[in-house]
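Dropping data_14.cif in here (mmCIF, C-alpha atoms):
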data_work
#
loop_
_atom_site.label_atom_id
_atom_site.label_comp_id
_atom_site.auth_asym_id
_atom_site.auth_seq_id
_atom_site.Cartn_x
_atom_site.Cartn_y
_atom_site.Cartn_z
CA MET Z 37 0.00 0.00 0.00
CA LYS Z 38 1.32 3.39 -0.97
CA ILE Z 39 1.75 6.08 1.65
CA VAL Z 40 0.88 9.48 0.21
CA LYS Z 41 1.65 12.65 2.12
CA VAL Z 42 0.28 16.07 1.23
CA LEU Z 43 2.52 18.79 2.59
CA GLY Z 44 1.10 22.24 3.20
CA SER Z 45 0.11 24.68 5.87
CA GLY Z 46 -3.57 23.81 5.57
CA CYS Z 47 -4.43 26.36 2.92
CA SER Z 48 -7.38 25.73 0.61
CA LYS Z 49 -5.14 24.50 -2.21
CA CYS Z 50 -3.57 21.81 -0.04
CA GLU Z 51 -7.05 20.71 1.01
CA LYS Z 52 -8.04 20.42 -2.66
CA VAL Z 53 -4.99 18.30 -3.47
CA ALA Z 54 -5.73 15.88 -0.63
CA GLN Z 55 -9.34 15.59 -1.72
CA SER Z 56 -8.57 14.91 -5.36
CA ILE Z 57 -5.94 12.30 -4.48
CA SER Z 58 -8.31 10.36 -2.27
CA ALA Z 59 -11.10 10.69 -4.84
CA ILE Z 60 -8.91 9.34 -7.65
CA ALA Z 61 -7.62 6.51 -5.45
CA ALA Z 62 -11.16 5.52 -4.53
CA GLU Z 63 -12.25 5.67 -8.16
CA LYS Z 64 -9.40 3.43 -9.28
CA LYS Z 65 -9.91 1.18 -6.25
CA ILE Z 66 -6.31 1.70 -5.16
CA GLU Z 67 -5.74 1.51 -1.45
CA ILE Z 68 -3.55 4.27 -0.09
CA GLU Z 69 -2.79 5.82 3.23
CA LEU Z 70 -3.24 9.58 2.96
CA ILE Z 71 -1.49 11.81 5.47
CA LYS Z 72 -1.84 15.57 5.67
CA GLU Z 73 1.43 16.96 6.93
CA THR Z 74 1.30 20.55 8.18
CA SER Z 75 4.40 20.89 10.33
CA PRO Z 76 7.10 23.25 9.05
CA GLU Z 77 9.76 20.81 10.20
CA ALA Z 78 8.43 18.08 7.92
CA MET Z 79 8.38 20.45 4.94
CA MET Z 80 11.97 21.38 5.66
CA SER Z 81 13.08 17.76 5.87
CA TYR Z 82 11.74 17.07 2.36
CA GLY Z 83 13.29 20.32 1.11
CA VAL Z 84 9.91 21.70 0.08
CA MET Z 85 9.70 25.45 -0.48
CA ARG Z 86 6.44 25.74 -2.35
CA THR Z 87 3.22 24.22 -1.14
CA PRO Z 88 1.15 22.17 -1.73
CA ALA Z 89 3.66 19.37 -2.19
CA VAL Z 90 3.13 15.64 -2.57
CA VAL Z 91 5.34 12.87 -1.22
CA VAL Z 92 4.73 9.26 -2.31
CA ASP Z 93 6.53 6.56 -0.33
CA GLU Z 94 9.01 9.13 1.00
CA GLN Z 95 9.77 10.40 -2.53
CA LEU Z 96 8.97 14.07 -3.24
CA VAL Z 97 7.04 13.95 -6.52
CA HIS Z 98 5.43 17.38 -6.78
CA SER Z 99 5.60 20.87 -5.33
CA GLY Z 100 4.09 24.31 -5.77
CA SER Z 101 0.73 23.80 -7.41
CA ILE Z 102 -2.36 21.64 -7.71
CA PRO Z 103 -1.21 18.60 -9.69
CA HIS Z 104 -2.94 17.46 -12.87
CA ARG Z 105 -5.15 14.42 -12.80
CA GLU Z 106 -2.79 12.44 -15.06
CA ASP Z 107 0.09 13.09 -12.65
CA ILE Z 108 -1.88 11.81 -9.68
CA GLU Z 109 -2.88 8.69 -11.61
CA GLY Z 110 0.75 8.11 -12.47
CA TRP Z 111 1.89 8.26 -8.84
CA LEU Z 112 -0.78 5.87 -7.67
CA GLN Z 113 -0.04 3.19 -10.30
CA MET I 130 -4.50 53.46 -25.60
CA LEU I 131 -6.03 53.40 -22.14
CA GLU I 132 -8.72 55.94 -23.15
CA ILE I 133 -10.87 53.09 -24.45
CA PHE I 134 -11.66 52.26 -20.83
CA THR I 135 -12.72 55.85 -20.13
CA ARG I 136 -14.94 55.70 -23.20
CA LEU I 137 -16.34 52.33 -22.18
CA ALA I 138 -17.24 53.81 -18.78
CA ASP I 139 -18.70 56.94 -20.45
CA TRP I 140 -20.90 54.79 -22.61
CA LEU I 141 -22.03 52.39 -19.87
CA VAL I 142 -22.60 54.87 -17.06
CA PHE I 143 -23.64 58.09 -18.79
CA ASP I 144 -25.26 56.87 -22.02
CA LEU I 145 -26.67 53.48 -21.14
CA ALA I 146 -27.51 53.94 -17.45
CA GLY I 147 -28.31 57.62 -18.00
CA LEU I 148 -26.51 58.94 -14.94
CA SER I 149 -25.23 62.49 -14.93
CA ALA I 150 -21.49 63.09 -14.86
CA GLN I 151 -22.09 65.72 -12.20
CA SER I 152 -23.97 63.45 -9.78
CA LYS I 153 -22.15 61.65 -6.97
CA TRP I 154 -23.39 58.24 -8.08
CA GLY I 155 -22.47 58.93 -11.69
CA ASP I 156 -19.00 60.03 -10.67
CA ALA I 157 -18.39 57.06 -8.37
CA LEU I 158 -19.80 54.51 -10.80
CA HIS I 159 -17.77 55.91 -13.68
CA PHE I 160 -14.59 55.62 -11.59
CA PHE I 161 -15.52 52.04 -10.69
CA VAL I 162 -16.30 50.85 -14.22
CA GLU I 163 -13.28 52.52 -15.74
CA ASP I 164 -10.80 51.20 -13.19
CA VAL I 165 -12.17 47.68 -12.92
CA SER I 166 -12.30 47.13 -16.69
CA LYS I 167 -8.85 48.66 -17.17
CA ILE I 168 -7.26 46.69 -14.34
CA PHE I 169 -8.82 43.37 -15.37
CA ALA I 170 -7.72 43.73 -18.99
CA LEU I 171 -4.19 44.76 -18.04
CA LEU I 172 -3.88 42.04 -15.42
CA LEU I 173 -4.83 39.22 -17.75
CA LEU I 174 -2.54 40.42 -20.50
CA MET I 175 0.47 41.35 -18.37
CA ILE I 176 0.44 38.38 -15.99
CA TYR I 177 0.56 36.13 -19.03
CA ILE I 178 3.46 38.01 -20.64
CA ILE I 179 5.46 38.30 -17.42
CA ALA I 180 4.89 34.64 -16.53
CA LEU I 181 6.08 33.64 -20.00
CA LEU I 182 9.33 35.52 -19.40
CA ARG I 183 10.05 34.32 -15.91
CA ALA I 184 8.74 30.76 -16.18
CA SER I 185 12.08 29.27 -15.26
CA LEU I 186 12.66 31.49 -12.23
CA ASN I 187 11.56 29.85 -9.01
CA VAL I 188 12.37 30.02 -5.31
CA GLU I 189 14.64 26.98 -5.50
CA ARG I 190 16.91 28.66 -8.03
CA VAL I 191 16.89 31.92 -6.08
CA ARG I 192 17.92 29.99 -2.98
CA ASP I 193 20.82 28.28 -4.73
CA TYR I 194 21.93 31.60 -6.11
CA LEU I 195 21.69 33.55 -2.84
CA ALA I 196 23.47 30.82 -0.88
CA ARG I 197 26.67 31.75 -2.69
CA LYS I 198 26.51 35.51 -2.11
CA HIS I 199 28.17 37.79 0.43
CA THR I 200 26.04 39.78 2.81
CA GLY I 201 25.98 43.23 1.18
CA LEU I 202 25.21 41.95 -2.28
CA GLY I 203 22.99 39.28 -0.77
CA LEU I 204 20.73 41.87 0.87
CA LEU I 205 20.33 43.83 -2.36
CA LEU I 206 19.71 40.72 -4.44
CA GLY I 207 17.48 39.17 -1.78
CA SER I 208 15.25 42.21 -1.94
CA ALA I 209 15.36 42.35 -5.76
CA PHE I 210 14.42 38.68 -6.05
CA GLY I 211 11.69 39.24 -3.49
CA ALA I 212 10.22 41.76 -5.89
CA ILE I 213 10.32 39.58 -9.00
CA THR I 214 9.96 35.99 -7.81
CA PRO I 215 6.41 34.72 -7.72
CA PHE I 216 5.29 33.00 -4.56
CA CYS I 217 2.13 32.83 -2.58
CA SER I 218 2.13 34.21 0.95
CA CYS I 219 0.97 30.81 2.23
CA SER I 220 4.44 29.57 1.27
CA SER I 221 6.40 32.06 3.36
CA ILE I 222 7.21 29.50 6.04
CA PRO I 223 8.60 26.79 3.76
CA VAL I 224 10.50 29.46 1.85
CA PHE I 225 11.95 30.85 5.07
CA LEU I 226 13.02 27.36 6.17
CA GLY I 227 14.34 26.45 2.73
CA PHE I 228 16.58 29.53 2.73
CA THR I 229 17.64 29.06 6.33
CA SER I 230 18.49 25.39 5.89
CA ALA I 231 20.61 26.35 2.88
CA GLY I 232 22.70 28.51 5.22
CA ILE I 233 21.39 31.86 3.97
CA PRO I 234 21.54 34.42 6.83
CA VAL I 235 18.21 35.53 8.31
CA GLY I 236 18.86 39.13 7.20
CA ILE I 237 18.99 38.16 3.53
CA THR I 238 16.00 35.84 3.86
CA MET I 239 13.99 38.61 5.48
CA ALA I 240 15.05 41.13 2.83
CA PHE I 241 13.44 38.68 0.40
CA LEU I 242 10.31 38.06 2.48
CA LEU I 243 9.71 41.72 3.44
CA THR I 244 10.02 43.02 -0.12
CA SER I 245 7.91 40.25 -1.61
CA PRO I 246 4.41 41.37 -0.50
CA LEU I 247 5.20 45.04 -1.17
CA ILE I 248 6.40 44.69 -4.74
CA ASN I 249 5.08 42.29 -7.33
CA GLU I 250 4.10 42.51 -10.97
CA VAL I 251 0.44 43.10 -10.18
CA ALA I 252 1.23 46.00 -7.86
CA VAL I 253 3.63 47.59 -10.33
CA LEU I 254 1.13 47.24 -13.13
CA LEU I 255 -1.65 48.85 -11.12
CA LEU I 256 0.57 51.70 -10.02
CA MET I 257 1.72 52.37 -13.57
CA SER I 258 -1.79 52.51 -14.95
CA LEU I 259 -3.35 54.43 -12.06
CA LEU I 260 -0.64 56.76 -10.78
CA GLY I 261 2.01 56.97 -13.49
CA TRP I 262 5.62 55.87 -13.81
CA LYS I 263 7.13 58.45 -11.47
CA PHE I 264 5.10 57.29 -8.52
CA THR I 265 5.70 53.66 -9.48
CA LEU I 266 9.43 54.18 -9.43
CA LEU I 267 9.18 55.89 -6.06
CA TYR I 268 7.15 52.96 -4.74
CA ILE I 269 9.64 50.35 -5.97
CA VAL I 270 12.66 52.21 -4.59
CA THR I 271 10.95 52.73 -1.23
CA GLY I 272 9.75 49.13 -0.98
CA MET I 273 13.20 47.75 -1.73
CA ALA I 274 14.83 50.21 0.66
CA VAL I 275 12.57 48.99 3.47
CA GLY I 276 13.41 45.36 2.66
CA ILE I 277 17.15 45.98 2.48
CA ALA I 278 17.28 48.15 5.60
CA GLY I 279 15.20 45.63 7.55
CA GLY I 280 17.47 42.79 6.44
CA LEU I 281 20.56 44.76 7.34
CA VAL I 282 19.34 45.54 10.87
CA LEU I 283 18.51 41.86 11.45
CA HIS I 284 21.89 40.85 10.13
CA LEU I 285 23.71 43.28 12.42
CA LEU I 286 21.69 42.02 15.39
CA LYS I 287 22.56 38.42 14.47
CA ALA I 288 18.92 37.44 14.33
CA GLU I 289 19.81 33.76 13.82
CA ARG I 290 19.95 33.37 17.59
CA TRP I 291 16.21 34.03 17.84
CA LEU I 292 15.13 31.24 15.52
CA GLN I 293 13.15 28.29 16.81
CA PRO I 294 15.63 25.55 17.84
CA PHE I 295 15.03 23.20 14.88
CA ALA I 296 15.51 26.05 12.39
CA ALA I 297 18.62 27.29 14.19
CA ARG I 298 20.05 23.77 14.07
CA ALA I 299 19.42 23.47 10.34
CA TYR I 300 21.07 26.83 9.79
CA SER I 301 24.26 26.03 11.67
CA GLN I 302 24.54 22.62 10.00
CA ALA I 303 24.29 24.25 6.58
CA GLN I 304 26.85 26.87 7.61
CA GLN I 305 29.32 24.08 8.28
CA ALA I 306 28.47 21.84 5.37
CA GLY I 307 27.91 24.48 2.69
CA HIS I 308 24.95 24.41 0.35
CA THR I 309 25.02 22.55 -2.91
CA GLY I 310 22.41 23.57 -5.42
CA THR I 311 19.57 21.14 -5.87
CA ALA I 312 17.23 22.99 -8.18
CA SER I 313 16.97 21.63 -11.68
CA THR I 314 18.39 24.00 -14.25
CA GLY I 315 16.81 22.51 -17.33
CA SER I 316 15.61 24.99 -19.90
CA MET I 317 11.95 25.15 -20.86
CA THR I 318 10.37 24.83 -24.24
CA LEU I 319 8.02 27.52 -25.50
CA LYS I 320 5.08 25.17 -25.05
CA GLU I 321 5.99 24.56 -21.39
CA ARG I 322 6.32 28.29 -20.87
CA HIS I 323 2.91 28.86 -22.42
CA GLU I 324 1.36 26.18 -20.17
CA PHE I 325 2.99 27.77 -17.12
CA ALA I 326 1.89 31.27 -18.09
CA LYS I 327 -1.67 30.12 -18.70
CA GLU I 328 -1.87 28.46 -15.29
CA GLU I 329 -0.24 31.44 -13.61
CA MET I 330 -2.72 33.79 -15.26
CA THR I 331 -5.79 31.87 -14.11
CA ASP I 332 -4.28 31.26 -10.68
CA ILE I 333 -3.33 34.88 -9.94
CA PHE I 334 -6.46 36.29 -11.51
CA SER I 335 -8.76 34.01 -9.53
CA ARG I 336 -6.93 35.10 -6.39
CA VAL I 337 -6.90 38.89 -6.94
CA TRP I 338 -10.09 39.77 -8.79
CA LYS I 339 -12.11 40.18 -5.59
CA TRP I 340 -9.43 42.44 -4.16
CA VAL I 341 -9.64 44.62 -7.24
CA ILE I 342 -13.42 44.93 -6.91
CA LEU I 343 -13.15 45.68 -3.20
CA GLY I 344 -10.28 48.14 -3.57
CA VAL I 345 -11.76 49.96 -6.53
CA GLY I 346 -15.17 49.97 -4.81
CA LEU I 347 -13.67 51.70 -1.78
CA GLY I 348 -11.69 54.04 -4.00
CA ALA I 349 -14.83 54.88 -6.00
CA GLY I 350 -16.74 55.59 -2.79
CA LEU I 351 -14.01 57.92 -1.61
CA HIS I 352 -13.87 59.50 -5.05
CA GLY I 353 -17.57 60.19 -5.38
CA PHE I 354 -18.74 60.82 -1.83
CA VAL I 355 -15.90 62.35 0.19
CA PRO I 356 -15.69 66.06 -0.61
CA ASP I 357 -12.43 67.07 -2.28
CA GLN I 358 -11.62 69.60 0.39
CA TRP I 359 -12.21 67.31 3.35
CA VAL I 360 -9.16 65.06 2.96
CA SER I 361 -6.70 67.82 2.21
CA ASP I 362 -8.12 70.04 4.95
CA THR I 363 -8.11 67.46 7.71
CA LEU I 364 -5.22 65.19 6.79
CA GLY I 365 -3.23 67.15 4.26
CA GLN I 366 -1.64 69.77 6.44
CA GLY I 367 1.48 67.69 6.99
CA GLU I 368 1.40 67.55 10.79
CA TRP I 369 4.19 65.25 11.97
CA TRP I 370 1.83 62.88 13.80
CA SER I 371 -0.35 62.20 10.77
CA VAL I 372 2.24 59.73 9.37
CA PRO I 373 2.60 57.46 12.45
CA ALA I 374 -1.18 57.67 12.85
CA ALA I 375 -1.59 56.46 9.25
CA VAL I 376 0.84 53.58 9.88
CA LEU I 377 -1.04 52.52 13.03
CA ALA I 378 -4.36 52.75 11.21
CA GLY I 379 -2.98 50.39 8.55
CA ILE I 380 -2.15 47.54 10.98
CA PRO I 381 -5.66 46.22 11.68
CA LEU I 382 -6.58 46.72 8.04
CA TYR I 383 -5.35 43.74 6.18
CA SER I 384 -5.15 43.79 2.43
CA ASN I 385 -2.75 42.88 -0.30
CA ALA I 386 -1.20 45.37 -2.68
CA THR I 387 -3.89 44.75 -5.31
CA GLY I 388 -6.68 45.90 -3.04
CA VAL I 389 -4.95 48.89 -1.57
CA ILE I 390 -3.56 50.58 -4.68
CA PRO I 391 -6.92 51.79 -6.06
CA VAL I 392 -7.62 53.28 -2.61
CA MET I 393 -4.22 54.94 -2.76
CA GLU I 394 -5.12 56.51 -6.11
CA SER I 395 -8.24 58.04 -4.59
CA LEU I 396 -6.47 59.32 -1.48
CA ILE I 397 -3.72 60.98 -3.48
CA THR I 398 -6.06 62.68 -5.92
CA LYS I 399 -8.03 63.94 -2.91
CA GLY I 400 -4.92 65.68 -1.63
CA LEU I 401 -3.50 63.31 1.00
CA PRO I 402 0.29 63.84 1.06
CA VAL I 403 2.20 61.19 -0.89
CA GLY I 404 4.36 60.13 2.08
CA THR I 405 1.37 59.67 4.37
CA THR I 406 -0.47 57.66 1.70
CA LEU I 407 2.49 55.36 1.03
CA ALA I 408 3.09 54.82 4.75
CA PHE I 409 -0.55 53.86 5.23
CA CYS I 410 -0.61 51.51 2.27
CA MET I 411 2.65 49.75 3.05
CA SER I 412 1.52 49.22 6.61
CA THR I 413 -1.75 47.71 5.38
CA VAL I 414 0.06 45.35 3.03
CA ALA I 415 3.11 44.25 5.03
CA ALA I 416 2.29 44.59 8.71
CA SER I 417 -0.49 42.09 9.18
CA PHE I 418 -1.06 40.12 12.35
CA PRO I 419 -2.36 36.92 10.71
CA GLU I 420 0.84 36.45 8.76
CA PHE I 421 3.10 37.36 11.63
CA ILE I 422 1.45 34.83 13.91
CA LEU I 423 2.23 32.13 11.33
CA LEU I 424 5.93 32.99 11.45
CA LYS I 425 5.96 32.13 15.14
CA GLN I 426 6.44 28.53 14.07
CA VAL I 427 9.96 29.33 12.92
CA MET I 428 10.98 32.39 14.98
CA LYS I 429 10.95 33.19 18.66
CA ILE I 430 8.42 35.81 19.69
CA ARG I 431 11.19 38.28 20.38
CA LEU I 432 12.38 38.28 16.79
CA LEU I 433 8.81 38.57 15.54
CA ALA I 434 8.12 41.57 17.75
CA LEU I 435 11.38 43.14 16.64
CA ILE I 436 10.55 42.75 12.94
CA PHE I 437 7.05 44.10 13.45
CA PHE I 438 8.28 47.15 15.35
CA MET I 439 11.02 47.71 12.80
CA LEU I 440 8.50 47.74 9.98
CA LEU I 441 6.37 50.35 11.73
CA VAL I 442 9.40 52.56 12.27
CA ALA I 443 10.51 52.08 8.65
CA PHE I 444 7.11 53.01 7.23
CA THR I 445 6.92 56.08 9.44
CA LEU I 446 10.36 57.22 8.29
CA VAL I 447 9.36 56.60 4.67
CA GLY I 448 6.29 58.78 5.17
CA TRP I 449 8.19 61.63 6.79
CA VAL I 450 11.01 61.62 4.26
CA LEU I 451 8.69 61.55 1.26
CA ASN I 452 6.46 64.28 2.67
CA ALA I 453 9.52 66.44 3.21
CA LEU I 454 10.78 65.73 -0.30
CA THR I 455 7.43 66.19 -2.08
CA PRO I 456 8.05 69.84 -3.05
CA TYR I 457 11.22 68.74 -4.88
CA LEU I 458 9.78 65.71 -6.69
#
Translate the structure of the given file into structure tokens.
Amino acid sequence: MKIVKVLGSGCSKCEKVAQSISAIAAEKKIEIELIKETSPEAMMSYGVMRTPAVVVDEQLVHSGSIPHREDIEGWLQ
Amino acid sequence: MLEIFTRLADWLVFDLAGLSAQSKWGDALHFFVEDVSKIFALLLLMIYIIALLRASLNVERVRDYLARKHTGLGLLLGSAFGAITPFCSCSSIPVFLGFTSAGIPVGITMAFLLTSPLINEVAVLLLMSLLGWKFTLLYIVTGMAVGIAGGLVLHLLKAERWLQPFAARAYSQAQQAGHTGTASTGSMTLKERHEFAKEEMTDIFSRVWKWVILGVGLGAGLHGFVPDQWVSDTLGQGEWWSVPAAVLAGIPLYSNATGVIPVMESLITKGLPVGTTLAFCMSTVAASFPEFILLKQVMKIRLLALIFFMLLVAFTLVGWVLNALTPYL
């Protein structure tokens, strides 16, 4: 099972990213564990400077905007 | 070229709605229609063009670049990059930590973060179209001066000692290890630039359009309903206390540059001294409690209070100096 973290300070964009990831996962019947990470320390440890950012299995895959649907599907495969 | 917006407003307000140019409502509505249509058109066009040009500039590259600079140059460049690099205020904490953990001194980081909300392409664009290039230049110089001076003071005070422990640790580790650039430096194709610019345009526009309406609405109200003499008679006499009073009044008012500039236009045309107006507006944009409270996660309260106080002093000085210089401008 993939562990997906959404990094962000809880702004509306980060919320949107988390929602669309869980929606796409549910649609594709892929089981994931979704974690919303808001602590500044965590963002620093992944080297993230622009939020929202997405980490899949400890790999930073995206940062700075709402990702496209195709990207999300790619990460979940 | 910009007269088409005046004519559009003439047609809509005077011809179509049948309001008189002499009535208060006609005057205020004309101001509103003209400014909103002008600002929206310019915003959409210019954000796209600017985004196309700076598509490959991002905070990661700025960080890698600043990490290799000496303090004096670093402060100047930090402030300059703060003015031109796009980033949303909700990212100020990760940006602060990213810079700090790359070993960039707090002074330079703050020069970047203080200048950033004051100067951006939207603000410059609005100033140019509403108040002319002279005032725009004055605004840019003042905004950068505040950022650089603030950064310098923090640097001299060695503000690193007032960081939260985890941030201070990251900073001293980076100081020892040295920062190696991690940002990708790949060049972008024209198609990628176009995609970026298109997204940037919709993103920024969807964020600022309500501020434009609100700001222009307030400005139009001032324009149409506050008598011309009132502002210059009560606030335009240049008493020394009017500037600090304007700065204090700006603290509880929280707006971004987009919302406050149309109000600024109205205040200036009503005869409020330029220095007082700028001091008020900069205080509204940069000295906001909500954002300062957020920074508490990375700084000790002492440093926060210091920066806040420093900003108020800086804006007051800006106001006094500009008011004194106005006769010579």
Per-residue nearest contacts of segment 241-318 of chain I to segment 397-415 of chain I (9 Å; only C-alpha atoms) as a tab-separated table:
residue	atom	partner	partner_atom	distance
I:Leu243	CA	I:Ala415	CA	7.2
I:Thr244	CA	I:Ala415	CA	8.7
I:Pro246	CA	I:Ala415	CA	6.4
I:Leu247	CA	I:Ala415	CA	6.6
I:Leu260	CA	I:Ile397	CA	9.0
I:Tyr268	CA	I:Leu407	CA	7.8
I:Gly272	CA	I:Met411	CA	8.2
Residues from the last selection, C-alpha atoms, saved as a compact mmCIF listing (two decimals), in the frame of the given file:
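Saved the output as selection_22.txt:
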# COMPACT_ATOMS: atom_id res chain seq x y z
CA LEU I 243 9.71 41.72 3.44
CA THR I 244 10.02 43.02 -0.12
CA PRO I 246 4.41 41.37 -0.50
CA LEU I 247 5.20 45.04 -1.17
CA LEU I 260 -0.64 56.76 -10.78
CA TYR I 268 7.15 52.96 -4.74
CA GLY I 272 9.75 49.13 -0.98
task = Hey, list the chain Z side of the contact with chain I: 12 Å cut-off, only C-alpha atoms, answer as a ChimeraX atom specification.
result = /Z:43-50,74-89,99-104
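You will find atom CA of His199 of chain I at 16.7 Å from atom CA of Ala288 of chain I.
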inquiry  = Once the PyMOL selection byres ((chain I and resi 374-388) around 7) has been evaluated on this model, what residues remain selected, and can you format them as a PyMOL selection string?
reply    = chain I and resi 247+251-252+337+340-341+343-344+370-373+389-391+405+408-410+412-414+416-417+441+444-445
Please write as an mmCIF file with C-alpha atoms, in the coordinates of the input the full residue list that the PyMOL selection byres ((chain I and resi 179) around 10) yields on this file.
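Output (out_2.cif):
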data_model
loop_
_atom_site.group_PDB
_atom_site.id
_atom_site.type_symbol
_atom_site.label_atom_id
_atom_site.label_comp_id
_atom_site.auth_asym_id
_atom_site.auth_seq_id
_atom_site.Cartn_x
_atom_site.Cartn_y
_atom_site.Cartn_z
ATOM 1 C CA LEU I 174 -2.540 40.420 -20.500
ATOM 2 C CA MET I 175 0.470 41.350 -18.370
ATOM 3 C CA ILE I 176 0.440 38.380 -15.990
ATOM 4 C CA TYR I 177 0.560 36.130 -19.030
ATOM 5 C CA ILE I 178 3.460 38.010 -20.640
ATOM 6 C CA ALA I 180 4.890 34.640 -16.530
ATOM 7 C CA LEU I 181 6.080 33.640 -20.000
ATOM 8 C CA LEU I 182 9.330 35.520 -19.400
ATOM 9 C CA ARG I 183 10.050 34.320 -15.910
ATOM 10 C CA ALA I 184 8.740 30.760 -16.180
ATOM 11 C CA ILE I 213 10.320 39.580 -9.000
ATOM 12 C CA GLU I 250 4.100 42.510 -10.970
ATOM 13 C CA ALA I 326 1.890 31.270 -18.090
ATOM 14 C CA GLU I 329 -0.240 31.440 -13.610
ATOM 15 C CA MET I 330 -2.720 33.790 -15.260
#
6 Å contact set for Gly348 of chain I, only C-alpha atoms, chain neighbours under 4 positions out, as number ranges by chain = I: 352, 391-392, 395
key: Interatomic distance (Å, one decimal) between atom CA of Val355 of chain I and atom CA of Val162 of chain I   =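 Calculated distance between atom CA of Val355 of chain I and atom CA of Val162 of chain I is 18.4 Å.
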For the provided coordinates, the residues matched by the PyMOL selection byres ((chain I and resi 270) around 12) should be stated as a compact mmCIF listing (two decimals) with C-alpha atoms, in the frame of the given file.
# COMPACT_ATOMS: atom_id res chain seq x y z
CA LEU I 205 20.33 43.83 -2.36
CA SER I 208 15.25 42.21 -1.94
CA ALA I 209 15.36 42.35 -5.76
CA ALA I 212 10.22 41.76 -5.89
CA THR I 244 10.02 43.02 -0.12
CA LEU I 247 5.20 45.04 -1.17
CA ILE I 248 6.40 44.69 -4.74
CA VAL I 253 3.63 47.59 -10.33
CA LYS I 263 7.13 58.45 -11.47
CA PHE I 264 5.10 57.29 -8.52
CA THR I 265 5.70 53.66 -9.48
CA LEU I 266 9.43 54.18 -9.43
CA LEU I 267 9.18 55.89 -6.06
CA TYR I 268 7.15 52.96 -4.74
CA ILE I 269 9.64 50.35 -5.97
CA THR I 271 10.95 52.73 -1.23
CA GLY I 272 9.75 49.13 -0.98
CA MET I 273 13.20 47.75 -1.73
CA ALA I 274 14.83 50.21 0.66
CA VAL I 275 12.57 48.99 3.47
CA GLY I 276 13.41 45.36 2.66
CA ILE I 277 17.15 45.98 2.48
CA ALA I 278 17.28 48.15 5.60
CA VAL I 447 9.36 56.60 4.67
CA LEU I 451 8.69 61.55 1.26
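Take atom CA of Leu281 of chain I and atom CA of Met239 of chain I: the distance between them is 9.2 Å.
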Test item: residues at most 9 Å from segment 108-110 of chain Z, all atoms listed in the file, excluding those fewer than 3 positions along its chain, as a VMD selection string = chain Z and resid 56 to 57 60 to 61 64 103 to 105 113
